[in-house]
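Structure file structure06.pdb with PDB, C-alpha atoms, pLDDT in the B column:
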ATOM      1  CA  MET A   1     -21.717 -37.599  -3.907  1.00 53.00           C
ATOM      2  CA  THR A   2     -25.000 -37.112  -2.127  1.00 59.00           C
ATOM      3  CA  ILE A   3     -25.004 -35.225   1.132  1.00 57.00           C
ATOM      4  CA  THR A   4     -26.322 -37.586   3.777  1.00 66.00           C
ATOM      5  CA  ARG A   5     -27.615 -36.382   7.100  1.00 63.00           C
ATOM      6  CA  ARG A   6     -24.593 -37.794   8.900  1.00 62.00           C
ATOM      7  CA  TYR A   7     -22.202 -35.984   6.541  1.00 60.00           C
ATOM      8  CA  ALA A   8     -24.052 -32.676   6.910  1.00 60.00           C
ATOM      9  CA  LEU A   9     -23.935 -32.928  10.701  1.00 54.00           C
ATOM     10  CA  ALA A  10     -20.224 -33.681  10.676  1.00 59.00           C
ATOM     11  CA  LEU A  11     -19.607 -30.656   8.458  1.00 55.00           C
ATOM     12  CA  GLY A  12     -21.635 -28.349  10.666  1.00 56.00           C
ATOM     13  CA  GLY A  13     -19.877 -29.593  13.787  1.00 53.00           C
ATOM     14  CA  GLY A  14     -16.484 -28.978  12.243  1.00 53.00           C
ATOM     15  CA  ALA A  15     -17.392 -25.453  11.239  1.00 52.00           C
ATOM     16  CA  LEU A  16     -18.669 -24.688  14.740  1.00 48.00           C
ATOM     17  CA  ALA A  17     -15.469 -25.958  16.317  1.00 49.00           C
ATOM     18  CA  LEU A  18     -13.445 -23.743  13.999  1.00 46.00           C
ATOM     19  CA  THR A  19     -15.367 -20.546  14.761  1.00 47.00           C
ATOM     20  CA  GLY A  20     -15.181 -21.338  18.451  1.00 43.00           C
ATOM     21  CA  LEU A  21     -11.422 -21.449  18.303  1.00 45.00           C
ATOM     22  CA  SER A  22     -10.703 -18.317  16.292  1.00 45.00           C
ATOM     23  CA  GLY A  23      -9.985 -15.370  18.519  1.00 44.00           C
ATOM     24  CA  LEU A  24     -12.211 -12.673  19.907  1.00 44.00           C
ATOM     25  CA  PRO A  25     -15.808 -12.746  18.727  1.00 45.00           C
ATOM     26  CA  ALA A  26     -16.120  -8.927  18.740  1.00 51.00           C
ATOM     27  CA  PHE A  27     -14.102  -8.337  15.604  1.00 52.00           C
ATOM     28  CA  ALA A  28     -13.739 -11.887  14.418  1.00 61.00           C
ATOM     29  CA  SER A  29     -16.715 -11.425  12.101  1.00 78.00           C
ATOM     30  CA  VAL A  30     -15.299  -8.334  10.374  1.00 84.00           C
ATOM     31  CA  ALA A  31     -11.867  -9.922  10.121  1.00 85.00           C
ATOM     32  CA  ASP A  32     -13.309 -13.219   8.920  1.00 87.00           C
ATOM     33  CA  ASP A  33     -15.424 -11.452   6.306  1.00 86.00           C
ATOM     34  CA  ALA A  34     -12.400  -9.560   5.037  1.00 87.00           C
ATOM     35  CA  ILE A  35     -10.310 -12.726   4.926  1.00 89.00           C
ATOM     36  CA  MET A  36     -13.147 -14.616   3.206  1.00 87.00           C
ATOM     37  CA  LYS A  37     -13.200 -11.957   0.489  1.00 86.00           C
ATOM     38  CA  ILE A  38      -9.532 -12.586  -0.231  1.00 88.00           C
ATOM     39  CA  THR A  39      -9.476 -16.355   0.018  1.00 88.00           C
ATOM     40  CA  GLY A  40     -12.919 -17.109  -1.355  1.00 86.00           C
ATOM     41  CA  GLY A  41     -13.493 -19.544   1.479  1.00 84.00           C
ATOM     42  CA  ALA A  42     -10.261 -21.499   1.091  1.00 86.00           C
ATOM     43  CA  LYS A  43      -8.527 -22.833   4.172  1.00 89.00           C
ATOM     44  CA  VAL A  44      -6.149 -20.388   5.847  1.00 91.00           C
ATOM     45  CA  VAL A  45      -3.099 -21.676   7.689  1.00 90.00           C
ATOM     46  CA  GLU A  46      -1.585 -19.766  10.584  1.00 91.00           C
ATOM     47  CA  GLY A  47       2.130 -19.038  10.123  1.00 89.00           C
ATOM     48  CA  GLY A  48       4.458 -18.813   7.159  1.00 89.00           C
ATOM     49  CA  VAL A  49       4.078 -15.053   7.139  1.00 94.00           C
ATOM     50  CA  ASP A  50       6.031 -12.446   9.060  1.00 94.00           C
ATOM     51  CA  LEU A  51       4.144  -9.332  10.069  1.00 95.00           C
ATOM     52  CA  THR A  52       6.202  -6.702  11.818  1.00 95.00           C
ATOM     53  CA  ALA A  53       4.409  -3.823  13.477  1.00 94.00           C
ATOM     54  CA  PRO A  54       5.138  -1.859  16.647  1.00 94.00           C
ATOM     55  CA  GLU A  55       3.477  -3.027  19.865  1.00 93.00           C
ATOM     56  CA  ILE A  56       2.575   0.546  20.712  1.00 93.00           C
ATOM     57  CA  ALA A  57       1.944   3.208  18.106  1.00 91.00           C
ATOM     58  CA  GLU A  58       1.774   6.695  19.571  1.00 87.00           C
ATOM     59  CA  ASN A  59       0.317   8.154  16.420  1.00 89.00           C
ATOM     60  CA  GLY A  60      -2.224   6.125  14.494  1.00 90.00           C
ATOM     61  CA  ASN A  61      -1.628   8.261  11.420  1.00 91.00           C
ATOM     62  CA  THR A  62       1.666   6.626  10.524  1.00 93.00           C
ATOM     63  CA  VAL A  63       2.242   3.131  11.783  1.00 94.00           C
ATOM     64  CA  PRO A  64       5.170   1.387  10.111  1.00 95.00           C
ATOM     65  CA  VAL A  65       4.374  -2.144   9.037  1.00 96.00           C
ATOM     66  CA  ALA A  66       6.432  -4.775   7.243  1.00 96.00           C
ATOM     67  CA  VAL A  67       5.306  -8.078   5.771  1.00 96.00           C
ATOM     68  CA  SER A  68       7.333 -10.938   4.435  1.00 95.00           C
ATOM     69  CA  ALA A  69       6.228 -14.362   3.270  1.00 95.00           C
ATOM     70  CA  PRO A  70       8.711 -16.467   1.324  1.00 93.00           C
ATOM     71  CA  GLY A  71       7.024 -17.883  -1.756  1.00 91.00           C
ATOM     72  CA  ALA A  72       3.989 -15.621  -1.630  1.00 94.00           C
ATOM     73  CA  SER A  73       2.576 -14.093  -4.794  1.00 95.00           C
ATOM     74  CA  VAL A  74       0.112 -11.750  -3.080  1.00 95.00           C
ATOM     75  CA  ILE A  75       0.103 -10.318   0.450  1.00 96.00           C
ATOM     76  CA  THR A  76      -2.815  -8.323   1.834  1.00 96.00           C
ATOM     77  CA  ILE A  77      -2.749  -6.297   5.039  1.00 96.00           C
ATOM     78  CA  LEU A  78      -5.980  -5.884   6.999  1.00 95.00           C
ATOM     79  CA  ALA A  79      -6.928  -3.663   9.920  1.00 94.00           C
ATOM     80  CA  PRO A  80     -10.374  -4.987  10.934  1.00 93.00           C
ATOM     81  CA  SER A  81     -11.219  -2.147  13.343  1.00 92.00           C
ATOM     82  CA  ASN A  82     -10.664   0.594  10.763  1.00 92.00           C
ATOM     83  CA  PRO A  83     -13.657   2.159   8.981  1.00 90.00           C
ATOM     84  CA  SER A  84     -12.726  -0.076   6.057  1.00 90.00           C
ATOM     85  CA  PRO A  85     -10.604  -3.108   6.879  1.00 92.00           C
ATOM     86  CA  ALA A  86      -8.356  -3.306   3.809  1.00 94.00           C
ATOM     87  CA  VAL A  87      -5.013  -1.499   4.031  1.00 95.00           C
ATOM     88  CA  ALA A  88      -2.929  -2.590   1.057  1.00 96.00           C
ATOM     89  CA  THR A  89      -2.437  -5.473  -1.337  1.00 96.00           C
ATOM     90  CA  PHE A  90       1.033  -6.276  -2.633  1.00 96.00           C
ATOM     91  CA  ASN A  91       1.254  -8.259  -5.868  1.00 96.00           C
ATOM     92  CA  PHE A  92       4.756  -9.514  -6.468  1.00 96.00           C
ATOM     93  CA  GLY A  93       5.829  -9.646 -10.101  1.00 95.00           C
ATOM     94  CA  PRO A  94       8.364 -11.862 -11.878  1.00 94.00           C
ATOM     95  CA  LEU A  95      11.276  -9.552 -11.032  1.00 95.00           C
ATOM     96  CA  SER A  96      10.462  -9.218  -7.363  1.00 94.00           C
ATOM     97  CA  GLY A  97      13.560 -10.078  -5.335  1.00 92.00           C
ATOM     98  CA  ALA A  98      11.720 -11.359  -2.279  1.00 93.00           C
ATOM     99  CA  SER A  99       8.077 -11.480  -1.223  1.00 94.00           C
ATOM    100  CA  GLU A 100       8.421  -8.717   1.290  1.00 94.00           C
ATOM    101  CA  ALA A 101       7.445  -5.084   1.526  1.00 96.00           C
ATOM    102  CA  SER A 102       6.998  -2.373   4.088  1.00 96.00           C
ATOM    103  CA  THR A 103       4.880   0.733   4.245  1.00 96.00           C
ATOM    104  CA  ARG A 104       3.097   3.037   6.691  1.00 96.00           C
ATOM    105  CA  MET A 105      -0.567   2.756   7.532  1.00 95.00           C
ATOM    106  CA  ARG A 106      -3.331   4.493   9.462  1.00 94.00           C
ATOM    107  CA  LEU A 107      -4.999   2.770  12.400  1.00 94.00           C
ATOM    108  CA  ALA A 108      -8.216   4.106  13.903  1.00 92.00           C
ATOM    109  CA  LYS A 109      -7.751   2.379  17.250  1.00 91.00           C
ATOM    110  CA  THR A 110      -5.982  -0.396  19.096  1.00 94.00           C
ATOM    111  CA  GLN A 111      -6.452  -3.580  17.115  1.00 93.00           C
ATOM    112  CA  LYS A 112      -5.049  -6.766  15.733  1.00 94.00           C
ATOM    113  CA  VAL A 113      -3.486  -6.218  12.321  1.00 95.00           C
ATOM    114  CA  ILE A 114      -3.675  -9.204   9.993  1.00 95.00           C
ATOM    115  CA  ALA A 115      -1.593 -10.199   6.989  1.00 95.00           C
ATOM    116  CA  VAL A 116      -2.918 -12.772   4.522  1.00 95.00           C
ATOM    117  CA  ALA A 117      -0.511 -14.241   1.995  1.00 95.00           C
ATOM    118  CA  LYS A 118      -1.436 -16.188  -1.097  1.00 95.00           C
ATOM    119  CA  MET A 119       1.327 -18.617  -1.881  1.00 94.00           C
ATOM    120  CA  ALA A 120       2.436 -19.596  -5.376  1.00 91.00           C
ATOM    121  CA  ASP A 121       0.747 -23.001  -4.916  1.00 91.00           C
ATOM    122  CA  GLY A 122      -2.594 -21.321  -4.148  1.00 91.00           C
ATOM    123  CA  SER A 123      -2.670 -21.928  -0.391  1.00 93.00           C
ATOM    124  CA  PHE A 124      -3.287 -19.101   2.062  1.00 94.00           C
ATOM    125  CA  HIS A 125      -1.240 -18.248   5.123  1.00 95.00           C
ATOM    126  CA  THR A 126      -1.885 -15.662   7.776  1.00 95.00           C
ATOM    127  CA  ALA A 127      -0.236 -13.852  10.665  1.00 95.00           C
ATOM    128  CA  SER A 128      -1.390 -11.154  13.023  1.00 94.00           C
ATOM    129  CA  ALA A 129       0.063  -8.573  15.379  1.00 95.00           C
ATOM    130  CA  MET A 130      -1.582  -6.565  18.130  1.00 95.00           C
ATOM    131  CA  VAL A 131      -0.933  -2.830  17.862  1.00 95.00           C
ATOM    132  CA  LYS A 132      -1.842  -0.428  20.646  1.00 94.00           C
ATOM    133  CA  VAL A 133      -2.797   2.970  19.289  1.00 92.00           C
ATOM    134  CA  THR A 134      -2.649   6.021  21.550  1.00 87.00           C
ATOM    135  CA  ILE A 135      -4.098   8.566  19.094  1.00 78.00           C
ATOM    136  CA  GLY A 136      -6.286   7.252  16.288  1.00 72.00           C
ATOM    137  CA  GLY A 137      -5.567   8.165  12.701  1.00 70.00           C
ATOM    138  CA  CYS A 138      -8.834   8.181  10.773  1.00 66.00           C
ATOM    139  CA  GLY A 139     -10.233  11.682  10.981  1.00 61.00           C
ATOM    140  CA  GLY A 140     -12.682  12.641  13.727  1.00 48.00           C
TER     141      GLY A 140
ATOM    142  CA  MET B   1      -4.017  17.013 -10.294  1.00 57.00           C
ATOM    143  CA  ALA B   2      -3.258  17.293  -6.648  1.00 62.00           C
ATOM    144  CA  LYS B   3      -0.790  20.016  -5.782  1.00 72.00           C
ATOM    145  CA  GLY B   4       2.810  19.494  -4.725  1.00 78.00           C
ATOM    146  CA  VAL B   5       3.074  15.819  -5.615  1.00 88.00           C
ATOM    147  CA  LYS B   6       6.716  14.886  -5.808  1.00 91.00           C
ATOM    148  CA  PRO B   7       7.927  11.308  -6.142  1.00 94.00           C
ATOM    149  CA  ARG B   8      11.217  10.347  -4.543  1.00 94.00           C
ATOM    150  CA  VAL B   9      12.944   7.045  -5.191  1.00 96.00           C
ATOM    151  CA  LYS B  10      16.111   5.472  -3.872  1.00 95.00           C
ATOM    152  CA  VAL B  11      17.760   2.826  -6.043  1.00 95.00           C
ATOM    153  CA  PRO B  12      21.424   1.764  -5.898  1.00 94.00           C
ATOM    154  CA  LYS B  13      23.389   3.032  -8.924  1.00 93.00           C
ATOM    155  CA  THR B  14      25.181  -0.244  -9.572  1.00 93.00           C
ATOM    156  CA  ALA B  15      24.667  -3.933  -8.859  1.00 93.00           C
ATOM    157  CA  SER B  16      25.994  -7.318  -9.940  1.00 92.00           C
ATOM    158  CA  ALA B  17      23.930  -9.400 -12.344  1.00 91.00           C
ATOM    159  CA  GLY B  18      21.222 -11.332 -10.512  1.00 90.00           C
ATOM    160  CA  ASP B  19      21.532  -9.244  -7.360  1.00 92.00           C
ATOM    161  CA  VAL B  20      18.554  -8.568  -5.141  1.00 94.00           C
ATOM    162  CA  ILE B  21      18.405  -4.885  -4.286  1.00 95.00           C
ATOM    163  CA  THR B  22      16.266  -2.851  -1.925  1.00 96.00           C
ATOM    164  CA  ILE B  23      14.220   0.004  -3.343  1.00 96.00           C
ATOM    165  CA  LYS B  24      12.629   2.760  -1.281  1.00 97.00           C
ATOM    166  CA  THR B  25       9.964   5.058  -2.649  1.00 97.00           C
ATOM    167  CA  LEU B  26       8.112   8.007  -1.217  1.00 96.00           C
ATOM    168  CA  ILE B  27       5.619  10.331  -2.850  1.00 95.00           C
ATOM    169  CA  SER B  28       4.248  13.463  -1.269  1.00 94.00           C
ATOM    170  CA  HIS B  29       0.471  13.171  -1.323  1.00 93.00           C
ATOM    171  CA  LYS B  30      -2.087  14.034   1.328  1.00 91.00           C
ATOM    172  CA  MET B  31      -4.076  10.772   0.818  1.00 91.00           C
ATOM    173  CA  GLU B  32      -7.416  12.271   1.835  1.00 90.00           C
ATOM    174  CA  SER B  33      -9.203   9.244   3.269  1.00 88.00           C
ATOM    175  CA  GLY B  34     -12.801  10.327   2.716  1.00 88.00           C
ATOM    176  CA  GLN B  35     -13.427  10.015   6.470  1.00 87.00           C
ATOM    177  CA  ARG B  36     -12.364  13.438   7.670  1.00 88.00           C
ATOM    178  CA  LYS B  37     -14.640  16.404   8.156  1.00 86.00           C
ATOM    179  CA  ASP B  38     -13.820  19.895   7.006  1.00 85.00           C
ATOM    180  CA  LYS B  39     -13.809  21.910  10.239  1.00 84.00           C
ATOM    181  CA  LYS B  40     -15.157  25.070   8.574  1.00 86.00           C
ATOM    182  CA  THR B  41     -18.046  23.637   6.576  1.00 88.00           C
ATOM    183  CA  GLY B  42     -18.751  20.477   8.579  1.00 86.00           C
ATOM    184  CA  LYS B  43     -18.865  18.462   5.380  1.00 90.00           C
ATOM    185  CA  ILE B  44     -16.907  15.312   4.803  1.00 90.00           C
ATOM    186  CA  LYS B  45     -13.908  15.879   2.570  1.00 90.00           C
ATOM    187  CA  PRO B  46     -14.129  13.643  -0.500  1.00 91.00           C
ATOM    188  CA  ARG B  47     -11.712  10.775  -0.812  1.00 91.00           C
ATOM    189  CA  GLU B  48      -8.635  11.546  -2.858  1.00 92.00           C
ATOM    190  CA  ILE B  49      -5.879   9.012  -2.631  1.00 93.00           C
ATOM    191  CA  ILE B  50      -3.315   7.266  -4.752  1.00 95.00           C
ATOM    192  CA  HIS B  51      -4.946   3.880  -5.293  1.00 95.00           C
ATOM    193  CA  ARG B  52      -2.247   2.017  -7.165  1.00 96.00           C
ATOM    194  CA  PHE B  53       1.529   1.933  -7.313  1.00 97.00           C
ATOM    195  CA  THR B  54       3.609  -0.128  -9.703  1.00 97.00           C
ATOM    196  CA  CYS B  55       7.291  -0.704 -10.280  1.00 97.00           C
ATOM    197  CA  ASP B  56       8.617  -2.244 -13.496  1.00 96.00           C
ATOM    198  CA  PHE B  57      12.113  -3.078 -14.646  1.00 96.00           C
ATOM    199  CA  ASN B  58      12.681  -3.036 -18.416  1.00 94.00           C
ATOM    200  CA  GLY B  59       8.957  -3.637 -18.874  1.00 93.00           C
ATOM    201  CA  GLN B  60       8.738  -6.554 -16.442  1.00 95.00           C
ATOM    202  CA  ASN B  61       6.724  -6.131 -13.282  1.00 96.00           C
ATOM    203  CA  VAL B  62       8.445  -6.025  -9.905  1.00 96.00           C
ATOM    204  CA  ILE B  63       5.583  -5.066  -7.622  1.00 96.00           C
ATOM    205  CA  ASP B  64       2.007  -3.884  -8.042  1.00 96.00           C
ATOM    206  CA  VAL B  65       0.392  -2.438  -4.944  1.00 97.00           C
ATOM    207  CA  LYS B  66      -3.264  -1.654  -4.355  1.00 96.00           C
ATOM    208  CA  LEU B  67      -3.572   1.166  -1.853  1.00 96.00           C
ATOM    209  CA  GLU B  68      -6.591   1.788   0.363  1.00 94.00           C
ATOM    210  CA  PRO B  69      -7.462   4.907   2.377  1.00 93.00           C
ATOM    211  CA  ALA B  70      -5.711   3.307   5.355  1.00 94.00           C
ATOM    212  CA  ILE B  71      -2.317   4.094   3.839  1.00 95.00           C
ATOM    213  CA  SER B  72      -0.687   7.093   5.505  1.00 94.00           C
ATOM    214  CA  SER B  73      -0.190  10.404   3.773  1.00 93.00           C
ATOM    215  CA  ASN B  74       3.016  10.571   1.731  1.00 94.00           C
ATOM    216  CA  PRO B  75       2.870   6.844   0.943  1.00 95.00           C
ATOM    217  CA  TYR B  76       6.153   5.083   1.488  1.00 96.00           C
ATOM    218  CA  PHE B  77       7.139   1.677   0.171  1.00 96.00           C
ATOM    219  CA  GLN B  78      10.188  -0.460   0.566  1.00 97.00           C
ATOM    220  CA  PHE B  79      10.606  -3.668  -1.405  1.00 96.00           C
ATOM    221  CA  LYS B  80      13.137  -5.916  -3.108  1.00 96.00           C
ATOM    222  CA  ALA B  81      13.881  -6.342  -6.797  1.00 95.00           C
ATOM    223  CA  LYS B  82      16.009  -8.682  -8.833  1.00 94.00           C
ATOM    224  CA  VAL B  83      18.390  -7.101 -11.346  1.00 94.00           C
ATOM    225  CA  PRO B  84      19.297  -9.455 -14.212  1.00 93.00           C
ATOM    226  CA  THR B  85      20.865  -6.808 -16.484  1.00 93.00           C
ATOM    227  CA  SER B  86      21.451  -3.089 -16.717  1.00 94.00           C
ATOM    228  CA  GLY B  87      18.297  -1.185 -17.279  1.00 94.00           C
ATOM    229  CA  GLU B  88      15.716   1.196 -15.959  1.00 95.00           C
ATOM    230  CA  PHE B  89      13.217   0.991 -13.148  1.00 96.00           C
ATOM    231  CA  LYS B  90       9.964   2.740 -13.877  1.00 96.00           C
ATOM    232  CA  PHE B  91       7.760   3.805 -10.985  1.00 97.00           C
ATOM    233  CA  THR B  92       4.142   4.821 -11.485  1.00 96.00           C
ATOM    234  CA  TRP B  93       1.532   6.134  -9.063  1.00 96.00           C
ATOM    235  CA  TYR B  94      -2.169   6.350 -10.016  1.00 96.00           C
ATOM    236  CA  ASP B  95      -4.268   9.048  -8.387  1.00 94.00           C
ATOM    237  CA  ASP B  96      -8.042   8.840  -7.776  1.00 93.00           C
ATOM    238  CA  ASP B  97      -8.513  11.972  -9.908  1.00 92.00           C
ATOM    239  CA  GLY B  98      -6.945  10.257 -12.906  1.00 92.00           C
ATOM    240  CA  SER B  99      -3.506  11.808 -12.719  1.00 93.00           C
ATOM    241  CA  ILE B 100      -0.516   9.575 -13.119  1.00 95.00           C
ATOM    242  CA  TYR B 101       2.811  10.396 -11.524  1.00 95.00           C
ATOM    243  CA  SER B 102       5.888   8.605 -12.688  1.00 94.00           C
ATOM    244  CA  THR B 103       9.615   8.617 -12.364  1.00 96.00           C
ATOM    245  CA  SER B 104      12.414   6.322 -13.423  1.00 95.00           C
ATOM    246  CA  LYS B 105      15.876   5.347 -12.244  1.00 95.00           C
ATOM    247  CA  LYS B 106      18.708   3.679 -14.153  1.00 95.00           C
ATOM    248  CA  ILE B 107      20.869   0.946 -12.741  1.00 95.00           C
ATOM    249  CA  ALA B 108      24.113  -0.358 -14.194  1.00 94.00           C
ATOM    250  CA  VAL B 109      25.228  -3.963 -13.883  1.00 91.00           C
ATOM    251  CA  GLY B 110      28.932  -4.521 -14.010  1.00 80.00           C
TER     252      GLY B 110
END

Show how you would write the structure in this file as structure tokens.
Amino acid sequence: MTITRRYALALGGGALALTGLSGLPAFASVADDAIMKITGGAKVVEGGVDLTAPEIAENGNTVPVAVSAPGASVITILAPSNPSPAVATFNFGPLSGASEASTRMRLAKTQKVIAVAKMADGSFHTASAMVKVTIGGCGG
Amino acid sequence: MAKGVKPRVKVPKTASAGDVITIKTLISHKMESGQRKDKKTGKIKPREIIHRFTCDFNGQNVIDVKLEPAISSNPYFQFKAKVPTSGEFKFTWYDDDGSIYSTSKKIAVG
């Protein structure tokens, strides 16, 4: 298929509309980059993933976090405002009882924590949770 | 080899065939993030973390986790596993410095 001018314009318009909709511009780029790295540009659907994190974390050094996504083969947790956004990647093997896991993470400051799940059928789902951090946990 | 690394794992002793059980693991490790400064010398302390954790049951994978510096010290994990038969869970942690820490737990089905 050749890319006509009309088609190219329609594509560009769609992309613009999408970026306009997605959240705060300040960290959207970092978060989007991190998500892009995982998905390779595939479409990401909101929902289908449960991300449990406290609303307020007094100590950013240990913030409990739990993820669950029925049918997911891989779940990645991201903290876009940390010095490096990746937190952990869970790969569920054949003997995994359920696609869920919990751990403790460090958060540098108040931010929106994101979970990206890759489903068995190859689609990507995401969820996010805002965590307020009173004392940051990344050195200093 | 980092000092004082001690893995701790909680697995039920028995289960029925096909049961889904919850496993909790904890390993004492400082998880130096590579971001902190040494107060005395003013230099940044080099990163030294556990970067991978795996759990297998009778040679079949249950979970394989990639850890980043954003995981807290003494990394803790809780997850679910299916138990088809009696056997042994093997837990392995991979340190940045090349050390491997492992432990195993038996479970009986009956």

Q: Write out as a PyMOL selection string every residue belonging to chain B that has an atom at most 10 Å from any atom of chain A, counting only C-alpha atoms.
A: chain B and resi 18-26+32-39+44+51-58+60-84

Q) Hey, which of B:Lys106, B:Lys10, B:Arg47, B:Lys90 ends up closest to Lys30 in chain B? Count only C-alpha atoms. A)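 Under the stated criterion, the closest residue is B:Arg47.
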
Q | Atom pair CA of Ser29 in chain A / CA of Phe124 in chain A: separation (Å) | A | 18.4 Å

Q | Answer key for the PyMOL selection byres ((chain B and resi 99-103) around 12), residues as a ChimeraX atom specification | A | /B:1-11,25-29,48-56,88-98,104-106

Q: Find the distance between CA of Thr110 in chain A and CA of Ser123 in chain A and write it in Å to one decimal.
A: 29.2 Å

**Q.** Å distance separating CA of Val49 in chain A from CA of Val116 in chain A, one decimal place
**A.** 7.8 Å

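Using all atoms listed in the file, the smallest distance between any of A:Ala31, A:Val44, A:Ala72, A:Gly136 and Lys112 in chain A comes from A:Ala31.
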
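Closest approach to Ile107 in chain B from the set B:Thr85, B:Thr41, B:Met31, B:Lys13 is made by B:Lys13, with distances taken over only C-alpha atoms.
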
Q) Applied to the shown file, which residues does the PyMOL selection byres ((chain A and resi 57) around 8) return, written as an MDAnalysis selection string? A) chainID A and resid 54:56 58:60 63 131:134

Written selection (C-alpha atoms) as a PDB file, in the coordinates of the input:
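That gives us selection-v7.pdb:
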ATOM      1  CA  PRO A  54       5.138  -1.859  16.647  1.00 94.00           C
ATOM      2  CA  GLU A  55       3.477  -3.027  19.865  1.00 93.00           C
ATOM      3  CA  ILE A  56       2.575   0.546  20.712  1.00 93.00           C
ATOM      4  CA  GLU A  58       1.774   6.695  19.571  1.00 87.00           C
ATOM      5  CA  ASN A  59       0.317   8.154  16.420  1.00 89.00           C
ATOM      6  CA  GLY A  60      -2.224   6.125  14.494  1.00 90.00           C
ATOM      7  CA  VAL A  63       2.242   3.131  11.783  1.00 94.00           C
ATOM      8  CA  VAL A 131      -0.933  -2.830  17.862  1.00 95.00           C
ATOM      9  CA  LYS A 132      -1.842  -0.428  20.646  1.00 94.00           C
ATOM     10  CA  VAL A 133      -2.797   2.970  19.289  1.00 92.00           C
ATOM     11  CA  THR A 134      -2.649   6.021  21.550  1.00 87.00           C
TER      12      THR A 134
END

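The residues returned by the PyMOL selection byres ((chain A and resi 127) around 9) on the shown structure are Val45, Glu46, Gly47, Gly48, Val49, Asp50, Leu51, Val113, Ile114, Ala115, Val116, Ala117, His125, Thr126, Ser128 and Ala129 of chain A.
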